[in-house]
Amino acid sequence: MSDLALGRRLMDRLEALSRFSDDAEGLTRLYLSPSHRRAADALAGWMRDAGMDVRMDALGTLIGRYAGSANNNRALIVGSHIDTVRNAGKYDGALGVLAAVAAVEALARRGERLPLDIEVVAFGDEEGVRFPSTLRGSRGLAGTLDPAALDERDAAGVSVREALAAFGCDPAPDGARSSTSPLAFVEVHIEQGPVLERAGRPVGIVTAINGARRLSVAVQGHAGHAGTSPMAMRRDSLTAAAEMILAVERIAKETRDVVATVGVVEALPGAVNVIPGETRFTIDARAPDDAARDAVVSGIETAIEGIAARRGLKARIEATHSAPATTCDAGLIVALDASVRASGYEPLHLPSGAGHDAMAMAALCPVAMLFVRCAGGISHHPAEAITLEDADASMRVLLQFLRSYNAS
């Protein structure tokens, strides 16, 4: 029976890291902000205390290296991100970074060196809140970052290059690429969904990270007076959009593991006594299988066009984002499965509906993810929560995985 010491250490550190915020009323830690700098400095100290050599790369990713017994420059990379959304919870991203630090700390306390190096990474730009694009740190480490991404500007007009310079980094184009021979990347993360809680499992093994496609739809009708336009003669863009949105829900429900969301709706001109002449809305479609997702998107587009034609309106559909699904490595899944069983739990396999740094790291090396149960599936919110027992479970599984990992 565990004394929960591993979990307690992890939870204490999560609480300490949550104090680094740009918002006195809640947790907001944006990429390259003052709170990001303070959090990185504290984390660097914890890494050094755990026996790691620490550096920061050109994109602000903090990297701690715990040398193994074999001097071969090959490393297992473990970590996640420390930036947050606005008014965030304490565990999204930070859990994976601090679990990795705590695991190395546990090894170091016993003087234990593995036959490989462990590299703990703390990316700083997974959420994509401050600048238009995201996964900047992990794309940089993987060597796939478009240099043009450094010229993006935030709402205040500050470019990524300028923010990096102020942060103390030299944003050279290749300054973030991995300097090691990575064996794999493993990310511990809260589930951000209700599956583990519903199944009564503390941890789960991710099979794939959903690919995503986003669309912007503009429905063009005809504005008119709300009191003088007969119902039968109206070309109401909003009622047409409402029918289209219901079609999005219906079509997505017909295919397993596909989800589609309309997150933004805007009716113009936006007056209480005017029939909306134009309505705009967004669609976010995700699935662990690209072909299934694309078939659903195609069906949605056909439905939108059909509804518009039947109502005598025009619909313009624009693709705004596309990212393929990322399949987790089969061998790593087997290894995590064995580690979960060896730690006394029954494995559960599930896809990830949210995007993660592992998606970008898959261009560099095999990837795997361990999910940790979160209360109510709530995330990106101050109510985000995990239990001490589940934190301890994740630590035991991670340590078991690190000790048993076979690099051959």
# chains A, B, ... in the order shown; residues from 1 in each chain; ligands from 1

call {"tool": "residues_around", "arguments": {"residues": "region 37-48 of chain A", "least_positions_apart": "2", "cutoff": "10 Å", "atoms": "only C-alpha atoms", "output": "ChimeraX atom specification"}}
result
/A:13,16-21,29-35,50-56,60-66,82-83,97-98,100-102,104-105,120,122-124,167-168

call {"tool": "write_last_selection", "arguments": {"atoms": "C-alpha atoms", "output": "short mmCIF file (atom, residue, chain, number, x, y, z; two decimals), in the first residue's frame"}}
result
data_model
loop_
_atom_site.label_atom_id
_atom_site.label_comp_id
_atom_site.auth_asym_id
_atom_site.auth_seq_id
_atom_site.Cartn_x
_atom_site.Cartn_y
_atom_site.Cartn_z
CA ARG A 13 4.83 21.37 -6.35
CA ALA A 16 3.61 26.09 -5.66
CA LEU A 17 3.80 26.51 -9.44
CA SER A 18 0.21 27.76 -9.58
CA ARG A 19 1.24 30.86 -7.62
CA PHE A 20 3.12 32.19 -10.65
CA SER A 21 0.40 34.12 -12.44
CA ARG A 29 0.45 32.32 -17.27
CA LEU A 30 0.96 33.25 -20.90
CA TYR A 31 3.97 32.42 -23.04
CA LEU A 32 6.99 34.69 -22.37
CA SER A 33 5.08 36.70 -19.77
CA PRO A 34 6.64 37.80 -16.44
CA SER A 35 4.90 34.89 -14.67
CA ALA A 50 16.91 16.86 -8.44
CA GLY A 51 20.40 16.46 -9.95
CA MET A 52 19.73 17.71 -13.46
CA ASP A 53 21.83 19.90 -15.71
CA VAL A 54 19.54 22.72 -16.84
CA ARG A 55 19.40 24.93 -19.92
CA MET A 56 16.84 27.02 -21.77
CA GLY A 60 12.04 29.49 -23.96
CA THR A 61 11.71 25.73 -23.42
CA LEU A 62 13.33 24.72 -20.14
CA ILE A 63 15.27 21.46 -20.39
CA GLY A 64 16.70 19.45 -17.48
CA ARG A 65 18.95 16.47 -18.21
CA TYR A 66 19.54 13.61 -15.78
CA ILE A 82 3.81 25.33 -18.25
CA ASP A 83 1.83 28.04 -20.06
CA VAL A 97 6.34 18.64 -16.20
CA LEU A 98 6.31 18.30 -12.43
CA ALA A 100 8.78 14.18 -14.63
CA VAL A 101 10.78 16.32 -12.18
CA ALA A 102 9.44 14.33 -9.22
CA VAL A 104 13.91 12.13 -11.52
CA GLU A 105 14.06 13.38 -7.95
CA VAL A 120 12.66 16.75 -18.72
CA ALA A 122 8.85 22.36 -19.96
CA PHE A 123 7.44 23.88 -23.14
CA GLY A 124 6.07 27.40 -22.95
CA PHE A 167 12.63 36.91 -21.94
CA GLY A 168 16.39 36.44 -22.23
#

call {"tool": "select_by_dssp", "arguments": {"residues": "region 7-218 of chain A", "states": "helix (DSSP H, G or I)", "output": "PyMOL selection string"}}
result
chain A and resi 7-17+34-49+94-109+136-142+147-151+160-167+195-199

call {"tool": "residues_around", "arguments": {"residues": "region 390-394 of chain A", "least_positions_apart": "2", "cutoff": "6 Å", "atoms": "only C-alpha atoms", "output": "NGL selection string"}}
result
:A and (4 or 6-7 or 202 or 387-388 or 396-397)

call {"tool": "write_last_selection", "arguments": {"atoms": "N, CA and C atoms", "output": "compact mmCIF listing (two decimals), in the first residue's frame"}}
result
# COMPACT_ATOMS: atom_id res chain seq x y z
N LEU A 4 1.60 7.36 -0.34
CA LEU A 4 1.22 8.54 -1.12
C LEU A 4 2.29 9.63 -1.10
N LEU A 6 4.89 10.05 -3.03
CA LEU A 6 5.18 10.55 -4.38
C LEU A 6 4.10 11.52 -4.83
N GLY A 7 2.85 11.12 -4.60
CA GLY A 7 1.75 11.99 -4.98
C GLY A 7 1.72 13.28 -4.20
N PRO A 202 -7.83 5.43 -12.42
CA PRO A 202 -7.01 6.62 -12.12
C PRO A 202 -6.19 7.11 -13.31
N THR A 387 -7.05 14.07 -7.68
CA THR A 387 -6.90 13.68 -6.28
C THR A 387 -5.45 13.35 -5.96
N LEU A 388 -5.14 13.38 -4.69
CA LEU A 388 -3.81 12.97 -4.24
C LEU A 388 -3.54 11.53 -4.64
N ARG A 396 3.70 6.51 -9.73
CA ARG A 396 4.16 5.12 -9.66
C ARG A 396 4.24 4.49 -11.05
N VAL A 397 3.25 4.79 -11.88
CA VAL A 397 3.27 4.26 -13.24
C VAL A 397 4.43 4.85 -14.03

call {"tool": "residues_around", "arguments": {"residues": "Glu254 (chain A)", "least_positions_apart": "6", "cutoff": "12 Å", "atoms": "only C-alpha atoms", "output": "ChimeraX atom specification"}}
result
/A:247-248,260,292-293,295-296,299-300

call {"tool": "atom_distance", "arguments": {"atom1": "CA of Val272 (chain A)", "atom2": "CA of Ala223 (chain A)"}}
result
12.0 Å

call {"tool": "closest_residue", "arguments": {"among": "A:Arg280, A:Phe131, A:Asp117, A:Arg198", "to": "Ala156 (chain A)", "atoms": "only C-alpha atoms"}}
result
A:Phe131

call {"tool": "select_by_dssp", "arguments": {"residues": "region 251-384 of chain A", "states": "strand (DSSP E)", "output": "PDB file with N, CA and C atoms, in the first residue's frame"}}
result
ATOM      1  N   VAL A 259     -16.067  14.196 -33.130  1.00  0.00           N
ATOM      2  CA  VAL A 259     -16.784  15.256 -32.417  1.00  0.00           C
ATOM      3  C   VAL A 259     -16.714  16.530 -33.256  1.00  0.00           C
ATOM      4  N   ALA A 260     -17.785  17.287 -33.231  1.00  0.00           N
ATOM      5  CA  ALA A 260     -17.827  18.550 -33.971  1.00  0.00           C
ATOM      6  C   ALA A 260     -18.507  19.595 -33.111  1.00  0.00           C
ATOM      7  N   THR A 261     -17.951  20.790 -33.094  1.00  0.00           N
ATOM      8  CA  THR A 261     -18.424  21.852 -32.204  1.00  0.00           C
ATOM      9  C   THR A 261     -18.563  23.164 -32.957  1.00  0.00           C
ATOM     10  N   VAL A 265     -20.790  32.054 -32.763  1.00  0.00           N
ATOM     11  CA  VAL A 265     -21.889  32.442 -33.653  1.00  0.00           C
ATOM     12  C   VAL A 265     -22.044  33.956 -33.572  1.00  0.00           C
ATOM     13  N   GLU A 266     -22.117  34.600 -34.724  1.00  0.00           N
ATOM     14  CA  GLU A 266     -22.262  36.057 -34.773  1.00  0.00           C
ATOM     15  C   GLU A 266     -23.330  36.420 -35.796  1.00  0.00           C
ATOM     16  N   ALA A 267     -24.385  37.085 -35.342  1.00  0.00           N
ATOM     17  CA  ALA A 267     -25.461  37.526 -36.227  1.00  0.00           C
ATOM     18  C   ALA A 267     -25.336  39.024 -36.483  1.00  0.00           C
ATOM     19  N   LEU A 268     -25.414  39.412 -37.755  1.00  0.00           N
ATOM     20  CA  LEU A 268     -25.251  40.809 -38.143  1.00  0.00           C
ATOM     21  C   LEU A 268     -26.508  41.316 -38.857  1.00  0.00           C
ATOM     22  N   VAL A 274     -34.003  43.840 -36.148  1.00  0.00           N
ATOM     23  CA  VAL A 274     -33.578  43.658 -37.529  1.00  0.00           C
ATOM     24  C   VAL A 274     -33.339  42.167 -37.803  1.00  0.00           C
ATOM     25  N   ILE A 275     -33.899  41.674 -38.901  1.00  0.00           N
ATOM     26  CA  ILE A 275     -33.650  40.297 -39.328  1.00  0.00           C
ATOM     27  C   ILE A 275     -32.167  40.182 -39.712  1.00  0.00           C
ATOM     28  N   GLU A 278     -26.639  38.615 -42.234  1.00  0.00           N
ATOM     29  CA  GLU A 278     -25.491  37.712 -42.347  1.00  0.00           C
ATOM     30  C   GLU A 278     -25.217  37.076 -40.996  1.00  0.00           C
ATOM     31  N   THR A 279     -24.942  35.796 -41.019  1.00  0.00           N
ATOM     32  CA  THR A 279     -24.579  35.083 -39.801  1.00  0.00           C
ATOM     33  C   THR A 279     -23.305  34.298 -40.053  1.00  0.00           C
ATOM     34  N   ARG A 280     -22.384  34.413 -39.119  1.00  0.00           N
ATOM     35  CA  ARG A 280     -21.114  33.702 -39.230  1.00  0.00           C
ATOM     36  C   ARG A 280     -20.972  32.732 -38.057  1.00  0.00           C
ATOM     37  N   PHE A 281     -20.424  31.573 -38.333  1.00  0.00           N
ATOM     38  CA  PHE A 281     -20.162  30.632 -37.237  1.00  0.00           C
ATOM     39  C   PHE A 281     -18.956  29.772 -37.570  1.00  0.00           C
ATOM     40  N   THR A 282     -18.393  29.174 -36.533  1.00  0.00           N
ATOM     41  CA  THR A 282     -17.208  28.333 -36.683  1.00  0.00           C
ATOM     42  C   THR A 282     -17.571  26.873 -36.462  1.00  0.00           C
ATOM     43  N   ILE A 283     -16.769  25.991 -37.032  1.00  0.00           N
ATOM     44  CA  ILE A 283     -16.915  24.544 -36.819  1.00  0.00           C
ATOM     45  C   ILE A 283     -15.538  23.986 -36.488  1.00  0.00           C
ATOM     46  N   ASP A 284     -15.474  23.193 -35.427  1.00  0.00           N
ATOM     47  CA  ASP A 284     -14.256  22.492 -35.026  1.00  0.00           C
ATOM     48  C   ASP A 284     -14.583  21.003 -35.032  1.00  0.00           C
ATOM     49  N   ALA A 285     -13.959  20.242 -35.943  1.00  0.00           N
ATOM     50  CA  ALA A 285     -14.214  18.802 -36.054  1.00  0.00           C
ATOM     51  C   ALA A 285     -12.942  18.033 -35.733  1.00  0.00           C
ATOM     52  N   ARG A 286     -13.075  17.004 -34.881  1.00  0.00           N
ATOM     53  CA  ARG A 286     -11.898  16.255 -34.435  1.00  0.00           C
ATOM     54  C   ARG A 286     -12.191  14.765 -34.405  1.00  0.00           C
ATOM     55  N   ALA A 287     -11.135  13.969 -34.606  1.00  0.00           N
ATOM     56  CA  ALA A 287     -11.243  12.515 -34.524  1.00  0.00           C
ATOM     57  C   ALA A 287      -9.850  11.905 -34.502  1.00  0.00           C
ATOM     58  N   LYS A 314     -26.936  32.249 -49.632  1.00  0.00           N
ATOM     59  CA  LYS A 314     -25.590  31.869 -50.028  1.00  0.00           C
ATOM     60  C   LYS A 314     -24.792  31.512 -48.776  1.00  0.00           C
ATOM     61  N   ALA A 315     -23.982  30.482 -48.894  1.00  0.00           N
ATOM     62  CA  ALA A 315     -23.110  30.081 -47.779  1.00  0.00           C
ATOM     63  C   ALA A 315     -21.678  29.996 -48.272  1.00  0.00           C
ATOM     64  N   ARG A 316     -20.788  30.654 -47.577  1.00  0.00           N
ATOM     65  CA  ARG A 316     -19.364  30.611 -47.902  1.00  0.00           C
ATOM     66  C   ARG A 316     -18.639  29.853 -46.800  1.00  0.00           C
ATOM     67  N   ILE A 317     -17.946  28.786 -47.178  1.00  0.00           N
ATOM     68  CA  ILE A 317     -17.239  27.941 -46.214  1.00  0.00           C
ATOM     69  C   ILE A 317     -15.738  28.077 -46.448  1.00  0.00           C
ATOM     70  N   GLU A 318     -15.020  28.446 -45.396  1.00  0.00           N
ATOM     71  CA  GLU A 318     -13.570  28.653 -45.507  1.00  0.00           C
ATOM     72  C   GLU A 318     -12.843  27.758 -44.510  1.00  0.00           C
ATOM     73  N   ALA A 319     -11.853  27.015 -44.981  1.00  0.00           N
ATOM     74  CA  ALA A 319     -11.022  26.202 -44.094  1.00  0.00           C
ATOM     75  C   ALA A 319     -10.014  27.107 -43.394  1.00  0.00           C
ATOM     76  N   THR A 320      -9.951  27.031 -42.062  1.00  0.00           N
ATOM     77  CA  THR A 320      -9.052  27.901 -41.304  1.00  0.00           C
ATOM     78  C   THR A 320      -7.931  27.149 -40.593  1.00  0.00           C
ATOM     79  N   HIS A 321      -8.067  25.828 -40.457  1.00  0.00           N
ATOM     80  CA  HIS A 321      -7.036  25.061 -39.729  1.00  0.00           C
ATOM     81  C   HIS A 321      -7.184  23.593 -40.079  1.00  0.00           C
ATOM     82  N   SER A 322      -6.041  22.910 -40.197  1.00  0.00           N
ATOM     83  CA  SER A 322      -6.057  21.469 -40.425  1.00  0.00           C
ATOM     84  C   SER A 322      -4.820  20.847 -39.798  1.00  0.00           C
ATOM     85  N   ALA A 323      -5.031  19.826 -38.972  1.00  0.00           N
ATOM     86  CA  ALA A 323      -3.911  19.116 -38.347  1.00  0.00           C
ATOM     87  C   ALA A 323      -4.242  17.631 -38.347  1.00  0.00           C
ATOM     88  N   THR A 326      -2.499  12.141 -34.606  1.00  0.00           N
ATOM     89  CA  THR A 326      -1.205  11.576 -34.233  1.00  0.00           C
ATOM     90  C   THR A 326      -1.432  10.247 -33.543  1.00  0.00           C
ATOM     91  N   THR A 327      -0.890   9.198 -34.103  1.00  0.00           N
ATOM     92  CA  THR A 327      -1.024   7.866 -33.506  1.00  0.00           C
ATOM     93  C   THR A 327       0.131   7.628 -32.542  1.00  0.00           C
ATOM     94  N   HIS A 349      -7.518   2.053 -22.521  1.00  0.00           N
ATOM     95  CA  HIS A 349      -7.002   2.769 -23.688  1.00  0.00           C
ATOM     96  C   HIS A 349      -8.070   3.722 -24.212  1.00  0.00           C
ATOM     97  N   LEU A 350      -7.656   4.934 -24.587  1.00  0.00           N
ATOM     98  CA  LEU A 350      -8.610   5.937 -25.064  1.00  0.00           C
ATOM     99  C   LEU A 350      -7.907   6.959 -25.934  1.00  0.00           C
ATOM    100  N   PRO A 351      -8.642   7.585 -26.866  1.00  0.00           N
ATOM    101  CA  PRO A 351      -8.043   8.659 -27.656  1.00  0.00           C
ATOM    102  C   PRO A 351      -8.065   9.972 -26.890  1.00  0.00           C
ATOM    103  N   SER A 352      -7.238  10.912 -27.331  1.00  0.00           N
ATOM    104  CA  SER A 352      -7.256  12.260 -26.770  1.00  0.00           C
ATOM    105  C   SER A 352      -8.002  13.185 -27.716  1.00  0.00           C
ATOM    106  N   VAL A 367       6.043   8.750 -29.782  1.00  0.00           N
ATOM    107  CA  VAL A 367       5.430   9.442 -28.648  1.00  0.00           C
ATOM    108  C   VAL A 367       4.405   8.555 -27.955  1.00  0.00           C
ATOM    109  N   ALA A 368       4.173   8.855 -26.690  1.00  0.00           N
ATOM    110  CA  ALA A 368       3.145   8.179 -25.904  1.00  0.00           C
ATOM    111  C   ALA A 368       2.610   9.161 -24.874  1.00  0.00           C
ATOM    112  N   MET A 369       1.390   8.896 -24.395  1.00  0.00           N
ATOM    113  CA  MET A 369       0.787   9.747 -23.375  1.00  0.00           C
ATOM    114  C   MET A 369       0.111   8.900 -22.309  1.00  0.00           C
ATOM    115  N   LEU A 370       0.252   9.343 -21.073  1.00  0.00           N
ATOM    116  CA  LEU A 370      -0.460   8.749 -19.939  1.00  0.00           C
ATOM    117  C   LEU A 370      -1.451   9.781 -19.422  1.00  0.00           C
ATOM    118  N   PHE A 371      -2.735   9.452 -19.462  1.00  0.00           N
ATOM    119  CA  PHE A 371      -3.761  10.349 -18.955  1.00  0.00           C
ATOM    120  C   PHE A 371      -4.018  10.079 -17.472  1.00  0.00           C
ATOM    121  N   VAL A 372      -4.347  11.140 -16.751  1.00  0.00           N
ATOM    122  CA  VAL A 372      -4.700  11.050 -15.336  1.00  0.00           C
ATOM    123  C   VAL A 372      -6.117  11.562 -15.172  1.00  0.00           C
TER     124      VAL A 372
END

call {"tool": "residues_around", "arguments": {"residues": "region 67-77 of chain A", "least_positions_apart": "2", "cutoff": "10 Å", "atoms": "only C-alpha atoms", "output": "ChimeraX atom specification"}}
result
/A:51-53,63-65,79-80,100,112-121,179-187,361,365,367,402,405,407

call {"tool": "write_last_selection", "arguments": {"atoms": "N, CA and C atoms", "output": "compact mmCIF listing (two decimals), in the first residue's frame"}}
result
# COMPACT_ATOMS: atom_id res chain seq x y z
N GLY A 51 19.18 17.01 -9.36
CA GLY A 51 20.40 16.46 -9.95
C GLY A 51 20.49 16.61 -11.45
N MET A 52 19.72 17.52 -12.01
CA MET A 52 19.73 17.71 -13.46
C MET A 52 20.62 18.88 -13.87
N ASP A 53 21.20 18.77 -15.04
CA ASP A 53 21.83 19.90 -15.71
C ASP A 53 20.72 20.64 -16.45
N ILE A 63 14.87 22.85 -20.20
CA ILE A 63 15.27 21.46 -20.39
C ILE A 63 16.21 21.06 -19.26
N GLY A 64 15.85 20.00 -18.53
CA GLY A 64 16.70 19.45 -17.48
C GLY A 64 17.14 18.05 -17.87
N ARG A 65 18.43 17.77 -17.78
CA ARG A 65 18.95 16.47 -18.21
C ARG A 65 19.54 15.72 -17.03
N GLY A 79 7.84 15.22 -20.40
CA GLY A 79 7.43 16.56 -20.01
C GLY A 79 6.14 17.00 -20.64
N SER A 80 5.90 18.31 -20.56
CA SER A 80 4.67 18.91 -21.10
C SER A 80 4.90 20.42 -21.14
N ALA A 100 7.46 14.57 -14.12
CA ALA A 100 8.78 14.18 -14.63
C ALA A 100 9.88 14.61 -13.67
N GLU A 112 20.02 6.32 -8.15
CA GLU A 112 19.70 5.39 -9.24
C GLU A 112 19.91 6.06 -10.60
N ARG A 113 20.75 5.43 -11.42
CA ARG A 113 20.99 5.89 -12.78
C ARG A 113 20.48 4.84 -13.75
N LEU A 114 19.70 5.27 -14.73
CA LEU A 114 19.16 4.34 -15.72
C LEU A 114 20.15 4.20 -16.88
N PRO A 115 19.99 3.17 -17.72
CA PRO A 115 20.92 3.00 -18.85
C PRO A 115 20.64 3.96 -20.00
N LEU A 116 19.99 5.06 -19.70
CA LEU A 116 19.70 6.11 -20.68
C LEU A 116 19.54 7.42 -19.94
N ASP A 117 19.72 8.52 -20.65
CA ASP A 117 19.50 9.82 -20.04
C ASP A 117 18.00 10.12 -20.02
N ILE A 118 17.58 10.91 -19.05
CA ILE A 118 16.20 11.42 -19.02
C ILE A 118 16.28 12.93 -19.22
N GLU A 119 15.52 13.41 -20.17
CA GLU A 119 15.48 14.84 -20.43
C GLU A 119 14.07 15.33 -20.11
N VAL A 120 13.96 16.19 -19.12
CA VAL A 120 12.66 16.75 -18.72
C VAL A 120 12.48 18.09 -19.43
N VAL A 121 11.38 18.24 -20.15
CA VAL A 121 11.14 19.47 -20.90
C VAL A 121 9.89 20.18 -20.38
N SER A 179 19.34 18.66 -29.16
CA SER A 179 20.78 18.44 -29.25
C SER A 179 21.14 17.02 -28.87
N THR A 180 20.12 16.19 -28.67
CA THR A 180 20.34 14.82 -28.26
C THR A 180 19.77 13.87 -29.30
N SER A 181 20.00 12.57 -29.10
CA SER A 181 19.37 11.55 -29.94
C SER A 181 18.16 11.01 -29.17
N PRO A 182 16.97 11.55 -29.44
CA PRO A 182 15.81 11.18 -28.63
C PRO A 182 15.30 9.78 -28.92
N LEU A 183 15.05 9.03 -27.89
CA LEU A 183 14.50 7.69 -28.02
C LEU A 183 12.98 7.75 -28.16
N ALA A 184 12.37 8.61 -27.37
CA ALA A 184 10.91 8.73 -27.38
C ALA A 184 10.53 9.95 -26.56
N PHE A 185 9.27 10.37 -26.71
CA PHE A 185 8.72 11.44 -25.88
C PHE A 185 7.48 10.91 -25.19
N VAL A 186 7.43 11.08 -23.87
CA VAL A 186 6.30 10.61 -23.07
C VAL A 186 5.72 11.79 -22.31
N GLU A 187 4.41 11.97 -22.40
CA GLU A 187 3.75 13.11 -21.77
C GLU A 187 2.66 12.62 -20.82
N MET A 361 5.95 16.64 -31.29
CA MET A 361 7.12 15.82 -31.01
C MET A 361 7.14 14.53 -31.82
N CYS A 365 10.35 11.83 -32.86
CA CYS A 365 10.56 10.52 -32.25
C CYS A 365 9.21 9.88 -31.94
N VAL A 367 6.04 8.75 -29.78
CA VAL A 367 5.43 9.44 -28.65
C VAL A 367 4.41 8.56 -27.96
N LEU A 402 9.80 4.29 -16.55
CA LEU A 402 11.18 4.72 -16.74
C LEU A 402 12.16 3.60 -16.41
N TYR A 405 11.87 0.75 -19.15
CA TYR A 405 11.93 1.12 -20.57
C TYR A 405 13.12 0.44 -21.25
N ALA A 407 15.33 0.46 -24.49
CA ALA A 407 15.68 1.33 -25.61
C ALA A 407 16.14 0.57 -26.84

call {"tool": "residues_around", "arguments": {"residues": "region 144-146 of chain A", "least_positions_apart": "5", "cutoff": "9 Å", "atoms": "only C-alpha atoms", "output": "PyMOL selection string"}}
result
chain A and resi 135-139+173+177+360+363-364

call {"tool": "residues_around", "arguments": {"residues": "Pro324 (chain A)", "least_positions_apart": "3", "cutoff": "10 Å", "atoms": "only C-alpha atoms", "output": "PyMOL selection string"}}
result
chain A and resi 209-213+286-291+293+327+359

call {"tool": "closest_residue", "arguments": {"among": "A:Val334, A:Met233, A:Leu246, A:Ala252", "to": "Gly312 (chain A)", "atoms": "only C-alpha atoms"}}
result
A:Met233

call {"tool": "closest_residue", "arguments": {"among": "A:Pro147, A:Gly93, A:Thr28, A:Leu313", "to": "Val129 (chain A)", "atoms": "only C-alpha atoms"}}
result
A:Thr28

call {"tool": "decode", "arguments": {"residues": "region 182-201 of chain A", "atoms": "N, CA and C atoms", "output": "mmCIF file, in the first residue's frame"}}
result
data_model
loop_
_atom_site.group_PDB
_atom_site.id
_atom_site.type_symbol
_atom_site.label_atom_id
_atom_site.label_comp_id
_atom_site.auth_asym_id
_atom_site.auth_seq_id
_atom_site.Cartn_x
_atom_site.Cartn_y
_atom_site.Cartn_z
ATOM 1 N N PRO A 182 16.966 11.547 -29.444
ATOM 2 C CA PRO A 182 15.814 11.184 -28.628
ATOM 3 C C PRO A 182 15.303 9.778 -28.925
ATOM 4 N N LEU A 183 15.053 9.033 -27.886
ATOM 5 C CA LEU A 183 14.498 7.690 -28.021
ATOM 6 C C LEU A 183 12.979 7.746 -28.160
ATOM 7 N N ALA A 184 12.368 8.609 -27.375
ATOM 8 C CA ALA A 184 10.906 8.726 -27.377
ATOM 9 C C ALA A 184 10.533 9.948 -26.557
ATOM 10 N N PHE A 185 9.272 10.369 -26.708
ATOM 11 C CA PHE A 185 8.725 11.443 -25.883
ATOM 12 C C PHE A 185 7.479 10.906 -25.187
ATOM 13 N N VAL A 186 7.429 11.080 -23.870
ATOM 14 C CA VAL A 186 6.299 10.611 -23.070
ATOM 15 C C VAL A 186 5.722 11.791 -22.312
ATOM 16 N N GLU A 187 4.415 11.970 -22.396
ATOM 17 C CA GLU A 187 3.749 13.109 -21.769
ATOM 18 C C GLU A 187 2.656 12.616 -20.821
ATOM 19 N N VAL A 188 2.763 13.013 -19.569
ATOM 20 C CA VAL A 188 1.702 12.768 -18.595
ATOM 21 C C VAL A 188 0.793 13.984 -18.588
ATOM 22 N N HIS A 189 -0.515 13.767 -18.633
ATOM 23 C CA HIS A 189 -1.445 14.900 -18.773
ATOM 24 C C HIS A 189 -2.788 14.523 -18.175
ATOM 25 N N ILE A 190 -3.485 15.504 -17.615
ATOM 26 C CA ILE A 190 -4.855 15.229 -17.193
ATOM 27 C C ILE A 190 -5.693 14.907 -18.428
ATOM 28 N N GLU A 191 -6.709 14.092 -18.245
ATOM 29 C CA GLU A 191 -7.504 13.658 -19.393
ATOM 30 C C GLU A 191 -8.245 14.795 -20.069
ATOM 31 N N GLN A 192 -8.749 15.751 -19.308
ATOM 32 C CA GLN A 192 -9.579 16.845 -19.833
ATOM 33 C C GLN A 192 -10.888 16.310 -20.409
ATOM 34 N N GLY A 193 -11.344 15.207 -19.875
ATOM 35 C CA GLY A 193 -12.591 14.582 -20.297
ATOM 36 C C GLY A 193 -13.076 13.640 -19.210
ATOM 37 N N PRO A 194 -14.256 13.047 -19.384
ATOM 38 C CA PRO A 194 -14.886 12.272 -18.318
ATOM 39 C C PRO A 194 -14.715 10.764 -18.411
ATOM 40 N N VAL A 195 -13.955 10.243 -19.384
ATOM 41 C CA VAL A 195 -13.932 8.801 -19.629
ATOM 42 C C VAL A 195 -13.338 8.031 -18.456
ATOM 43 N N LEU A 196 -12.187 8.455 -17.956
ATOM 44 C CA LEU A 196 -11.552 7.741 -16.846
ATOM 45 C C LEU A 196 -12.418 7.783 -15.590
ATOM 46 N N GLU A 197 -12.990 8.916 -15.310
ATOM 47 C CA GLU A 197 -13.847 9.036 -14.128
ATOM 48 C C GLU A 197 -15.044 8.103 -14.249
ATOM 49 N N ARG A 198 -15.645 8.051 -15.416
ATOM 50 C CA ARG A 198 -16.813 7.190 -15.622
ATOM 51 C C ARG A 198 -16.443 5.718 -15.498
ATOM 52 N N ALA A 199 -15.211 5.378 -15.928
ATOM 53 C CA ALA A 199 -14.759 3.990 -15.862
ATOM 54 C C ALA A 199 -14.172 3.619 -14.502
ATOM 55 N N GLY A 200 -13.964 4.606 -13.647
ATOM 56 C CA GLY A 200 -13.394 4.346 -12.335
ATOM 57 C C GLY A 200 -11.920 3.999 -12.371
ATOM 58 N N ARG A 201 -11.170 4.577 -13.322
ATOM 59 C CA ARG A 201 -9.744 4.288 -13.454
ATOM 60 C C ARG A 201 -8.933 5.554 -13.168
#
